[in-house]
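Engineer: File work-v1.txt below, compact mmCIF, C-alpha atoms and all ligand atoms:
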```txt
# COMPACT_ATOMS: atom_id res chain seq x y z
CA MET A 79 31.25 5.18 25.90
CA VAL A 80 31.90 2.08 27.99
CA LYS A 81 35.28 0.41 28.31
CA ALA A 82 35.73 -3.31 27.95
CA ALA A 83 38.35 -5.91 28.78
CA ILE A 84 39.03 -9.29 27.22
CA LEU A 85 40.71 -11.96 29.33
CA GLY A 86 42.79 -14.14 27.01
CA ILE A 87 43.88 -13.47 23.46
CA GLY A 88 43.67 -16.95 21.95
CA THR A 89 41.20 -18.07 19.28
CA VAL A 90 38.05 -16.71 20.95
CA GLY A 91 39.62 -13.65 22.62
CA GLY A 92 41.31 -12.64 19.35
CA GLY A 93 38.06 -13.22 17.44
CA THR A 94 36.14 -11.08 19.92
CA ALA A 95 38.62 -8.19 19.58
CA GLU A 96 38.27 -8.51 15.81
CA VAL A 97 34.45 -8.42 15.86
CA LEU A 98 34.39 -5.44 18.26
CA ALA A 99 36.71 -3.54 15.90
CA LYS A 100 35.16 -4.66 12.61
CA ASN A 101 31.54 -3.95 13.63
CA ARG A 102 32.31 -1.06 15.97
CA GLU A 103 29.63 1.29 14.68
CA LEU A 104 26.74 -1.13 14.51
CA ILE A 105 27.70 -2.54 17.89
CA ALA A 106 27.62 1.01 19.32
CA ARG A 107 24.17 1.58 17.82
CA ARG A 108 22.81 -1.66 19.25
CA ALA A 109 24.48 -1.27 22.63
CA GLY A 110 23.37 2.37 22.92
CA GLN A 111 26.96 3.52 23.29
CA GLU A 112 30.40 2.71 21.98
CA ILE A 113 32.25 -0.28 23.44
CA GLU A 114 35.95 0.47 23.49
CA LEU A 115 38.44 -2.24 24.24
CA LYS A 116 40.75 -0.90 26.97
CA TYR A 117 42.51 -4.00 28.27
CA ILE A 118 43.52 -7.44 27.14
CA LEU A 119 44.67 -9.73 29.90
CA CYS A 120 47.40 -12.04 28.70
CA ARG A 121 49.62 -13.77 31.21
CA SER A 122 52.67 -13.99 28.94
CA PRO A 123 54.24 -11.03 27.05
CA ARG A 124 53.14 -10.74 23.39
CA PRO A 125 55.77 -8.54 21.72
CA GLY A 126 54.68 -7.37 18.28
CA HIS A 127 50.99 -8.27 18.81
CA PRO A 128 48.82 -5.65 17.04
CA LEU A 129 47.00 -4.99 20.36
CA GLU A 130 50.18 -5.07 22.46
CA SER A 131 49.50 -1.61 23.93
CA LEU A 132 46.32 -2.92 25.62
CA ILE A 133 47.92 -5.96 27.21
CA VAL A 134 48.12 -6.28 30.99
CA HIS A 135 49.29 -9.33 32.92
CA ASP A 136 47.16 -9.06 36.02
CA ILE A 137 43.42 -8.82 36.77
CA GLU A 138 43.68 -5.91 39.22
CA PRO A 139 44.04 -3.02 36.74
CA ILE A 140 40.85 -4.28 35.09
CA ALA A 141 38.83 -5.07 38.22
CA SER A 142 39.69 -1.77 39.88
CA ASP A 143 39.18 0.48 36.85
CA PRO A 144 35.79 2.24 37.26
CA GLU A 145 35.65 2.86 33.50
CA VAL A 146 35.41 -0.86 32.72
CA GLY A 147 31.77 -1.89 32.41
CA VAL A 148 32.06 -5.28 30.78
CA VAL A 149 34.64 -8.06 30.85
CA ALA A 150 34.78 -10.97 28.38
CA GLU A 151 36.51 -14.06 29.76
CA CYS A 152 37.91 -16.11 26.87
CA MET A 153 40.81 -17.87 28.58
CA GLY A 154 39.29 -21.31 29.03
CA GLY A 155 40.06 -23.65 31.90
CA LEU A 156 38.94 -23.40 35.50
CA SER A 157 41.78 -21.56 37.14
CA PRO A 158 42.54 -18.68 37.10
CA ALA A 159 39.40 -18.02 35.04
CA PHE A 160 37.16 -18.67 38.07
CA GLU A 161 39.18 -16.35 40.33
CA TYR A 162 39.29 -13.62 37.66
CA VAL A 163 35.58 -13.82 36.88
CA SER A 164 34.69 -13.83 40.60
CA ARG A 165 36.94 -10.84 41.16
CA CYS A 166 35.32 -8.89 38.31
CA LEU A 167 31.74 -9.76 39.37
CA SER A 168 32.59 -8.81 42.96
CA ALA A 169 33.94 -5.51 41.66
CA GLY A 170 30.54 -4.84 40.04
CA LYS A 171 31.56 -5.62 36.45
CA ASN A 172 29.23 -7.39 34.02
CA VAL A 173 30.99 -10.54 32.83
CA VAL A 174 30.47 -12.68 29.74
CA THR A 175 32.31 -15.91 29.01
CA SER A 176 32.78 -18.54 26.32
CA ASN A 177 34.30 -20.94 28.87
CA LYS A 178 32.13 -24.07 29.03
CA GLU A 179 34.29 -25.73 31.67
CA LEU A 180 33.91 -22.71 33.94
CA VAL A 181 30.16 -22.44 33.38
CA ALA A 182 29.50 -26.18 33.75
CA GLU A 183 31.61 -26.50 36.90
CA ARG A 184 31.10 -23.16 38.66
CA GLY A 185 28.29 -21.42 36.77
CA LEU A 186 25.76 -21.93 39.56
CA GLU A 187 27.83 -20.00 42.08
CA LEU A 188 28.93 -17.35 39.56
CA THR A 189 25.27 -16.79 38.62
CA ALA A 190 24.44 -16.42 42.32
CA LEU A 191 27.31 -13.98 42.78
CA ALA A 192 26.16 -11.93 39.77
CA ARG A 193 22.62 -11.88 41.19
CA LYS A 194 23.94 -10.70 44.55
CA MET A 195 26.04 -7.98 42.94
CA GLY A 196 23.27 -6.85 40.57
CA VAL A 197 25.39 -7.43 37.45
CA ASN A 198 25.12 -9.73 34.42
CA PHE A 199 26.86 -13.06 34.02
CA MET A 200 26.23 -14.29 30.48
CA PHE A 201 27.59 -17.32 28.64
CA GLU A 202 25.77 -17.77 25.32
CA ALA A 203 29.05 -18.75 23.60
CA SER A 204 29.68 -21.62 26.02
CA VAL A 205 27.27 -23.95 24.17
CA GLY A 206 26.97 -24.25 20.40
CA GLY A 207 29.56 -21.55 19.56
CA GLY A 208 27.72 -19.02 17.42
CA ILE A 209 24.29 -20.74 17.60
CA PRO A 210 21.74 -18.82 19.65
CA ILE A 211 20.61 -21.52 22.09
CA LEU A 212 20.79 -20.41 25.75
CA ARG A 213 18.69 -17.27 25.28
CA PRO A 214 16.08 -19.21 23.25
CA ILE A 215 15.88 -21.79 26.06
CA SER A 216 15.71 -19.32 28.93
CA GLN A 217 13.61 -16.67 27.18
CA CYS A 218 11.79 -17.72 24.00
CA LEU A 219 10.90 -21.20 25.33
CA ALA A 220 10.33 -20.03 28.91
CA ALA A 221 6.62 -20.95 28.81
CA ASN A 222 7.36 -24.62 28.07
CA GLU A 223 7.85 -27.59 30.32
CA ILE A 224 10.97 -28.94 28.62
CA SER A 225 11.19 -32.74 28.59
CA ALA A 226 14.41 -33.31 26.63
CA VAL A 227 17.33 -31.65 24.95
CA TYR A 228 19.83 -33.43 22.73
CA GLY A 229 22.27 -32.71 19.98
CA ILE A 230 25.68 -32.52 18.43
CA LEU A 231 27.58 -30.30 20.84
CA ASN A 232 31.18 -30.64 19.73
CA GLY A 233 32.44 -29.35 16.40
CA THR A 234 35.75 -31.20 16.45
CA THR A 235 34.25 -34.66 16.86
CA ASN A 236 31.51 -33.88 14.35
CA TYR A 237 34.16 -32.79 11.86
CA ILE A 238 36.17 -35.96 12.50
CA LEU A 239 33.13 -38.26 12.16
CA THR A 240 31.99 -36.46 9.01
CA GLU A 241 35.42 -36.90 7.40
CA MET A 242 35.46 -40.57 8.43
CA ILE A 243 31.89 -41.18 7.15
CA GLN A 244 32.01 -39.14 3.93
CA ARG A 245 35.65 -39.43 2.88
CA GLY A 246 36.85 -42.58 4.59
CA LYS A 247 39.61 -40.70 6.41
CA SER A 248 41.31 -42.13 9.44
CA PHE A 249 40.53 -40.75 12.88
CA GLU A 250 44.10 -39.42 13.25
CA GLN A 251 44.11 -37.61 9.89
CA ALA A 252 40.74 -35.95 10.54
CA LEU A 253 41.79 -34.91 14.07
CA ARG A 254 44.98 -33.30 12.73
CA GLU A 255 42.92 -31.29 10.24
CA ALA A 256 40.49 -30.16 12.97
CA GLN A 257 43.45 -28.90 15.00
CA GLU A 258 44.92 -27.09 12.00
CA LYS A 259 41.56 -25.38 11.42
CA GLY A 260 41.44 -24.22 15.07
CA PHE A 261 38.31 -26.17 16.14
CA ALA A 262 39.97 -28.67 18.45
CA GLU A 263 41.18 -27.75 21.89
CA ALA A 264 45.00 -27.60 22.27
CA ASP A 265 44.67 -30.90 24.10
CA PRO A 266 42.03 -32.74 22.06
CA THR A 267 41.29 -35.26 24.83
CA ALA A 268 38.31 -33.22 26.05
CA ASP A 269 36.88 -33.21 22.52
CA VAL A 270 37.41 -36.82 21.47
CA GLU A 271 36.50 -38.34 24.85
CA GLY A 272 33.18 -36.50 24.99
CA ILE A 273 34.19 -34.35 27.98
CA ASP A 274 33.63 -31.04 26.16
CA ALA A 275 30.18 -32.19 24.97
CA GLY A 276 29.53 -33.33 28.56
CA ARG A 277 30.13 -29.84 29.90
CA LYS A 278 27.76 -28.43 27.29
CA ILE A 279 24.94 -30.91 27.99
CA CYS A 280 25.29 -30.05 31.69
CA ILE A 281 24.81 -26.34 30.90
CA LEU A 282 21.82 -27.13 28.68
CA ALA A 283 20.29 -29.35 31.38
CA ASP A 284 20.91 -26.63 34.00
CA LEU A 285 18.91 -24.11 32.00
CA CYS A 286 16.27 -26.48 30.57
CA PHE A 287 15.38 -28.13 33.88
CA GLY A 288 16.39 -25.39 36.32
CA LYS A 289 18.63 -27.35 38.69
CA ASN A 290 22.34 -27.92 38.72
CA VAL A 291 23.77 -30.91 36.81
CA PRO A 292 27.49 -31.12 37.66
CA PRO A 293 29.80 -32.71 35.07
CA SER A 294 30.94 -35.21 37.73
CA ALA A 295 27.39 -36.65 37.84
CA ILE A 296 27.16 -37.63 34.17
CA THR A 297 28.73 -40.35 32.04
CA THR A 298 30.61 -39.47 28.86
CA GLU A 299 31.79 -41.70 26.05
CA GLY A 300 33.85 -40.39 23.13
CA ILE A 301 34.55 -41.36 19.54
CA THR A 302 38.02 -42.91 19.62
CA HIS A 303 36.69 -46.48 19.38
CA ILE A 304 34.45 -45.92 16.33
CA THR A 305 35.60 -48.07 13.40
CA PRO A 306 34.92 -48.09 9.65
CA ALA A 307 33.01 -51.37 10.20
CA ASP A 308 30.64 -49.63 12.66
CA ILE A 309 30.14 -46.76 10.20
CA ALA A 310 29.39 -49.23 7.37
CA CYS A 311 26.77 -51.07 9.46
CA ALA A 312 25.05 -47.80 10.38
CA ARG A 313 25.07 -46.70 6.73
CA THR A 314 23.49 -50.00 5.62
CA LEU A 315 20.60 -49.29 8.00
CA GLY A 316 20.16 -45.69 6.76
CA TYR A 317 21.74 -44.24 9.88
CA LYS A 318 24.85 -42.19 10.74
CA ILE A 319 26.97 -42.40 13.85
CA LYS A 320 26.98 -39.05 15.65
CA LEU A 321 28.26 -38.08 19.09
CA LEU A 322 25.19 -36.86 20.98
CA GLY A 323 24.79 -35.12 24.29
CA ARG A 324 21.35 -35.92 25.74
CA ALA A 325 19.46 -34.79 28.81
CA MET A 326 15.88 -35.65 29.71
CA ARG A 327 13.48 -35.48 32.57
CA THR A 328 13.06 -38.94 34.10
CA GLY A 329 10.79 -38.03 37.02
CA PRO A 330 9.30 -35.07 38.87
CA ASN A 331 12.67 -34.40 40.49
CA SER A 332 15.17 -36.33 38.41
CA VAL A 333 17.01 -35.99 35.12
CA THR A 334 19.38 -38.13 33.11
CA ALA A 335 22.24 -36.57 31.18
CA PHE A 336 25.00 -38.29 29.24
CA VAL A 337 27.19 -38.19 26.12
CA ALA A 338 27.64 -41.18 23.79
CA PRO A 339 27.90 -41.97 20.09
CA HIS A 340 24.46 -42.88 18.73
CA LEU A 341 22.97 -44.19 15.54
CA ILE A 342 20.71 -41.46 14.24
CA SER A 343 18.39 -41.89 11.26
CA GLN A 344 19.37 -39.93 8.18
CA SER A 345 15.79 -38.63 8.15
CA ASN A 346 16.44 -36.70 11.39
CA PRO A 347 17.74 -33.21 10.46
CA ILE A 348 20.37 -33.50 13.24
CA ALA A 349 21.93 -36.44 11.32
CA ASN A 350 22.68 -34.08 8.45
CA VAL A 351 24.48 -31.55 10.62
CA ASP A 352 27.97 -32.23 9.32
CA GLY A 353 31.49 -30.86 9.61
CA VAL A 354 32.15 -28.42 12.42
CA LEU A 355 28.47 -27.50 12.68
CA ASN A 356 26.47 -28.21 15.83
CA GLY A 357 22.76 -29.03 15.99
CA ILE A 358 20.57 -28.99 19.08
CA ALA A 359 16.94 -30.12 19.53
CA VAL A 360 14.80 -28.96 22.44
CA ARG A 361 11.51 -30.71 23.20
CA GLY A 362 8.90 -28.59 24.97
CA ASP A 363 5.27 -29.35 25.84
CA ALA A 364 3.98 -26.33 23.95
CA VAL A 365 6.49 -25.87 21.12
CA GLY A 366 7.07 -29.53 20.23
CA GLU A 367 10.60 -30.13 18.96
CA ALA A 368 12.55 -26.96 18.08
CA MET A 369 15.94 -27.33 16.38
CA PHE A 370 18.91 -25.00 16.25
CA PHE A 371 21.81 -25.38 13.82
CA GLY A 372 24.98 -23.49 13.03
CA PRO A 373 28.72 -23.11 13.54
CA GLY A 374 29.57 -24.66 16.88
CA ALA A 375 33.22 -23.63 17.08
CA GLY A 376 35.82 -21.33 15.55
CA ALA A 377 37.03 -17.82 16.27
CA LEU A 378 34.44 -15.56 14.67
CA PRO A 379 31.30 -17.68 15.24
CA THR A 380 32.14 -17.95 18.94
CA ALA A 381 33.09 -14.27 19.05
CA SER A 382 29.71 -13.48 17.52
CA ALA A 383 28.03 -14.83 20.67
CA VAL A 384 30.58 -13.29 23.06
CA ALA A 385 30.24 -9.83 21.50
CA ALA A 386 26.41 -10.10 21.50
CA ASP A 387 26.51 -10.84 25.24
CA MET A 388 28.74 -7.77 25.67
CA ILE A 389 26.17 -5.66 23.80
CA ASP A 390 23.42 -6.95 26.11
CA CYS A 391 25.54 -6.14 29.14
CA VAL A 392 26.06 -2.57 28.00
CA ARG A 393 22.45 -2.06 26.92
CA ASP A 394 20.84 -3.80 29.91
CA PRO A 395 23.41 -3.87 32.71
CA GLY A 396 22.43 -5.96 35.71
CA THR A 397 19.19 -7.33 34.32
CA ARG A 398 20.19 -10.27 32.15
CA VAL A 399 21.25 -12.96 34.62
CA TYR A 400 19.87 -16.27 33.33
CA ALA A 401 16.86 -17.12 35.43
CA GLY A 402 16.08 -20.46 37.01
CA TRP A 403 19.36 -22.15 37.80
CA TRP A 404 19.26 -23.48 41.34
CA PRO A 405 21.12 -26.09 43.41
CA SER A 406 20.07 -29.74 43.00
CA GLU A 407 19.59 -32.41 45.65
CA LYS A 408 21.54 -35.65 45.87
CA GLY A 409 20.05 -38.22 43.47
CA TYR A 410 18.69 -35.59 41.07
CA VAL A 411 20.96 -36.81 38.23
CA THR A 412 20.57 -40.49 37.32
CA GLY A 413 22.68 -42.57 34.92
CA PRO A 414 21.52 -43.62 31.43
CA ASP A 415 21.61 -47.38 32.05
CA LYS A 416 17.88 -47.64 32.72
CA LEU A 417 16.87 -45.79 29.54
CA SER A 418 15.20 -48.11 27.05
CA CYS A 419 16.27 -47.94 23.41
CA ARG A 420 17.20 -50.15 20.46
CA TRP A 421 20.88 -51.02 20.15
CA MET A 422 23.17 -51.79 17.25
CA VAL A 423 25.53 -54.57 18.29
CA ARG A 424 28.53 -55.88 16.36
CA THR A 425 29.89 -59.16 17.63
CA ALA A 426 32.20 -62.03 16.83
CA ALA A 427 29.89 -64.43 18.69
CA PRO A 428 28.51 -67.46 16.78
CA LEU A 429 24.93 -67.22 15.48
CA ALA A 430 23.69 -69.82 17.96
CA GLU A 431 24.90 -67.71 20.90
CA ILE A 432 23.17 -64.60 19.51
CA ALA A 433 19.94 -66.52 18.93
CA ALA A 434 20.04 -67.94 22.47
CA ALA A 435 20.48 -64.49 24.03
CA PHE A 436 18.16 -62.37 21.87
CA SER A 437 14.81 -62.76 20.19
CA GLY A 438 13.59 -60.60 17.31
CA VAL A 439 16.91 -59.07 16.28
CA ARG A 440 17.34 -57.58 12.80
CA PHE A 441 20.63 -58.61 11.20
CA ILE A 442 22.59 -56.09 9.12
CA ASN A 443 24.24 -57.21 5.88
CA ALA A 444 26.93 -54.57 5.60
CA PRO A 445 29.16 -54.77 2.51
CA ASN A 446 32.69 -56.04 3.19
CA ALA A 447 31.73 -57.27 6.67
CA ALA A 448 34.19 -59.81 8.11
CA ALA A 449 32.98 -63.38 7.63
CA ASP A 450 33.08 -64.27 11.32
CA GLU A 451 31.26 -61.17 12.57
CA TYR A 452 27.55 -60.39 12.93
CA ALA A 453 25.86 -57.05 13.36
CA PHE A 454 22.26 -56.65 14.43
CA VAL A 455 19.72 -54.25 15.91
CA THR A 456 17.96 -55.32 19.10
CA ALA A 457 14.42 -54.72 20.36
CA TYR A 458 14.00 -51.95 22.95
CA MET A 459 15.93 -52.65 26.14
CA SER A 460 17.95 -50.83 28.77
CA GLY A 461 21.74 -50.80 28.92
CA GLU A 462 21.49 -53.05 31.98
CA GLU A 463 19.42 -55.64 30.06
CA LEU A 464 21.81 -55.50 27.11
CA ALA A 465 24.76 -56.05 29.45
CA GLU A 466 23.01 -59.13 30.91
CA LYS A 467 22.24 -60.59 27.49
CA THR A 468 25.75 -60.04 26.17
CA ALA A 469 27.58 -61.16 29.32
CA GLY A 470 30.44 -63.41 28.16
CA MET A 471 29.76 -62.61 24.49
CA ASP A 472 32.56 -61.19 22.31
CA VAL A 473 30.98 -57.76 21.68
CA LEU A 474 33.00 -55.61 19.25
CA ALA A 475 30.80 -52.53 19.43
CA LYS A 476 27.42 -51.37 20.73
CA TYR A 477 25.58 -48.13 20.05
CA ARG A 478 22.27 -46.68 21.18
CA VAL A 479 19.81 -45.98 18.36
CA LEU A 480 18.09 -42.60 18.71
CA ASP A 481 14.40 -43.14 17.91
N1 LIG A 501 36.57 -27.68 20.86
C1 LIG A 501 35.23 -27.22 20.86
C2 LIG A 501 34.48 -27.92 19.74
C3 LIG A 501 35.21 -25.74 20.68
O1 LIG A 501 35.13 -28.53 18.89
O2 LIG A 501 33.25 -27.88 19.70
C4 LIG A 501 33.88 -25.09 20.86
O3 LIG A 501 33.37 -25.26 22.14
```
Starting from the coordinates I provided, produce the structure as structure tokens.
Ligand code: HSE
Structural biologist:
Amino acid sequence: MVKAAILGIGTVGGGTAEVLAKNRELIARRAGQEIELKYILCRSPRPGHPLESLIVHDIEPIASDPEVGVVAECMGGLSPAFEYVSRCLSAGKNVVTSNKELVAERGLELTALARKMGVNFMFEASVGGGIPILRPISQCLAANEISAVYGILNGTTNYILTEMIQRGKSFEQALREAQEKGFAEADPTADVEGIDAGRKICILADLCFGKNVPPSAITTEGITHITPADIACARTLGYKIKLLGRAMRTGPNSVTAFVAPHLISQSNPIANVDGVLNGIAVRGDAVGEAMFFGPGAGALPTASAVAADMIDCVRDPGTRVYAGWWPSEKGYVTGPDKLSCRWMVRTAAPLAEIAAAFSGVRFINAPNAAADEYAFVTAYMSGEELAEKTAGMDVLAKYRVLD
């Protein structure tokens, strides 16, 4: 039998304790031995909690207990999660985490520390919740040169957009519901401003392209400015507005990664990933485009990935560090402004001004559009070119079209 500890007893920590208890026997069979929860680290007292007897308030009893073979960090945030995870890895414990901020910001050094200590550092739950995506990228697709990865990486914003698109709800109403259902972070800023999806696209880019993409190097745009008029224009074209994280190779030693709302054709399966689900596409030179769909947030789906990492740690201790994540040089990550794409633009500019700036645009006749507004789709051009053409124009909204 191996003893385990969970750091944090919130949504994911609680879900992980539940899965370990509920599927105890099958987990033991698959891990090769029983995994018994010995500690839960919770910084504040939790009188009356069903697992109160396991609660400790400090990392030391866990890090210094030779019986503990695997630690699941489910606290979220950078500090003290980073210090706790470092302490456990340094003490020779295998560590798994669902903490995307920690992995995106400090995963490179934690992976190096795990390598040095000969233990596992695994983080399948940090991207896509319960969707298997990091193992497929680093193992099943390991023979591919990956050129791009993109997808819906945040359940809260996808839920909000789905409710706005399908049921005409307001942003505020849909956000409140996402919080009530436990998808949204306590502070939803990271969700609705695209920061959470940004962390996840960094982790995907790290593993797809092998070099570190720090969150500070990428641009993120959220969903707070999306209006019913934008949604109606997209619908008229046969598109939906979805918040996408995208990363692609742009040269032998450069990648672009960013998060922004996009128009995505309803014929693309990712466009039909609705509600709290996430969907991720990976483009490889051998496999073509492989897609992964499933529950991207929530207690049990995320716990499913955390507990699976714990099983791997017990079955194969010290051998499952994700390969191929190395430091990057300055200039490795470039911004998205040079990427060429079509754009949907909504503007209050007069027709003559639009015609003078653009040639070959396709106008959109959305129902109920305001009389003094025009919406159109441009030819392919970069963000820089679009900015030049619309300089001084009253632009109400602009979105990349994913082709
Ligand atoms: N708040 C996140 C989301 C949780 O909505 O996707 C899962 O990472």
Engineer: Which distance in Å separates CA of Glu145 in chain A and CA of Ser168 in chain A, to one decimal?
Structural biologist: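 Answer for the CA of Glu145 in chain A to CA of Ser168 in chain A separation: 15.3 Å.
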Engineer: As a quick test: using all atoms listed in the file, which residues lie no more than 10 Å away from ligand LIG 501 (chain A)? Give them as a PyMOL selection string.
Structural biologist: chain A and resi 89-90+154+176-179+203-208+230-238+256-257+260-270+274-275+277-278+354-356+373-377+379-380
Engineer: Find the spatial neighbours of Glu161 in chain A, counting all atoms listed in the file, within a cut-off of 12 Å - ignore same-chain residues fewer than 6 positions away - and output them as a PyMOL selection string.
Structural biologist: chain A and resi 85+136-138+141+151+153+155+167-168+180+184+188
Engineer: Return the single residue from A:Val360, A:Ile348, A:Val146, A:Ile105 that is closest to Lys81 in chain A, with distances computed using all atoms listed in the file.
Structural biologist: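 Distance minimum relative to Lys81 in chain A lands on A:Val146.
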Engineer: Mind listing whatever residues come within 12 Å of the point (20.0, -24.7, 30.3)? Use all atoms listed in the file, file coordinates, and give them as a PyMOL selection string.
Structural biologist: chain A and resi 181-182+185-186+201-202+204-205+211-217+219-220+224+226-228+277-291+325-326+360+400-404
Engineer: Take the residues from that selection and write them out as a compact mmCIF listing (two decimals), in the frame of the given file, keeping C-alpha atoms.
Structural biologist:
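Saved to again.txt:
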```
# COMPACT_ATOMS: atom_id res chain seq x y z
CA VAL A 181 30.16 -22.44 33.38
CA ALA A 182 29.50 -26.18 33.75
CA GLY A 185 28.29 -21.42 36.77
CA LEU A 186 25.76 -21.93 39.56
CA PHE A 201 27.59 -17.32 28.64
CA GLU A 202 25.77 -17.77 25.32
CA SER A 204 29.68 -21.62 26.02
CA VAL A 205 27.27 -23.95 24.17
CA ILE A 211 20.61 -21.52 22.09
CA LEU A 212 20.79 -20.41 25.75
CA ARG A 213 18.69 -17.27 25.28
CA PRO A 214 16.08 -19.21 23.25
CA ILE A 215 15.88 -21.79 26.06
CA SER A 216 15.71 -19.32 28.93
CA GLN A 217 13.61 -16.67 27.18
CA LEU A 219 10.90 -21.20 25.33
CA ALA A 220 10.33 -20.03 28.91
CA ILE A 224 10.97 -28.94 28.62
CA ALA A 226 14.41 -33.31 26.63
CA VAL A 227 17.33 -31.65 24.95
CA TYR A 228 19.83 -33.43 22.73
CA ARG A 277 30.13 -29.84 29.90
CA LYS A 278 27.76 -28.43 27.29
CA ILE A 279 24.94 -30.91 27.99
CA CYS A 280 25.29 -30.05 31.69
CA ILE A 281 24.81 -26.34 30.90
CA LEU A 282 21.82 -27.13 28.68
CA ALA A 283 20.29 -29.35 31.38
CA ASP A 284 20.91 -26.63 34.00
CA LEU A 285 18.91 -24.11 32.00
CA CYS A 286 16.27 -26.48 30.57
CA PHE A 287 15.38 -28.13 33.88
CA GLY A 288 16.39 -25.39 36.32
CA LYS A 289 18.63 -27.35 38.69
CA ASN A 290 22.34 -27.92 38.72
CA VAL A 291 23.77 -30.91 36.81
CA ALA A 325 19.46 -34.79 28.81
CA MET A 326 15.88 -35.65 29.71
CA VAL A 360 14.80 -28.96 22.44
CA TYR A 400 19.87 -16.27 33.33
CA ALA A 401 16.86 -17.12 35.43
CA GLY A 402 16.08 -20.46 37.01
CA TRP A 403 19.36 -22.15 37.80
CA TRP A 404 19.26 -23.48 41.34
```
Engineer: Pick out the closest residue to Tyr410 in chain A from this set: A:Ala310, A:Met471, A:Ile296, A:Ala190. Count all atoms listed in the file.
Structural biologist: A:Ile296
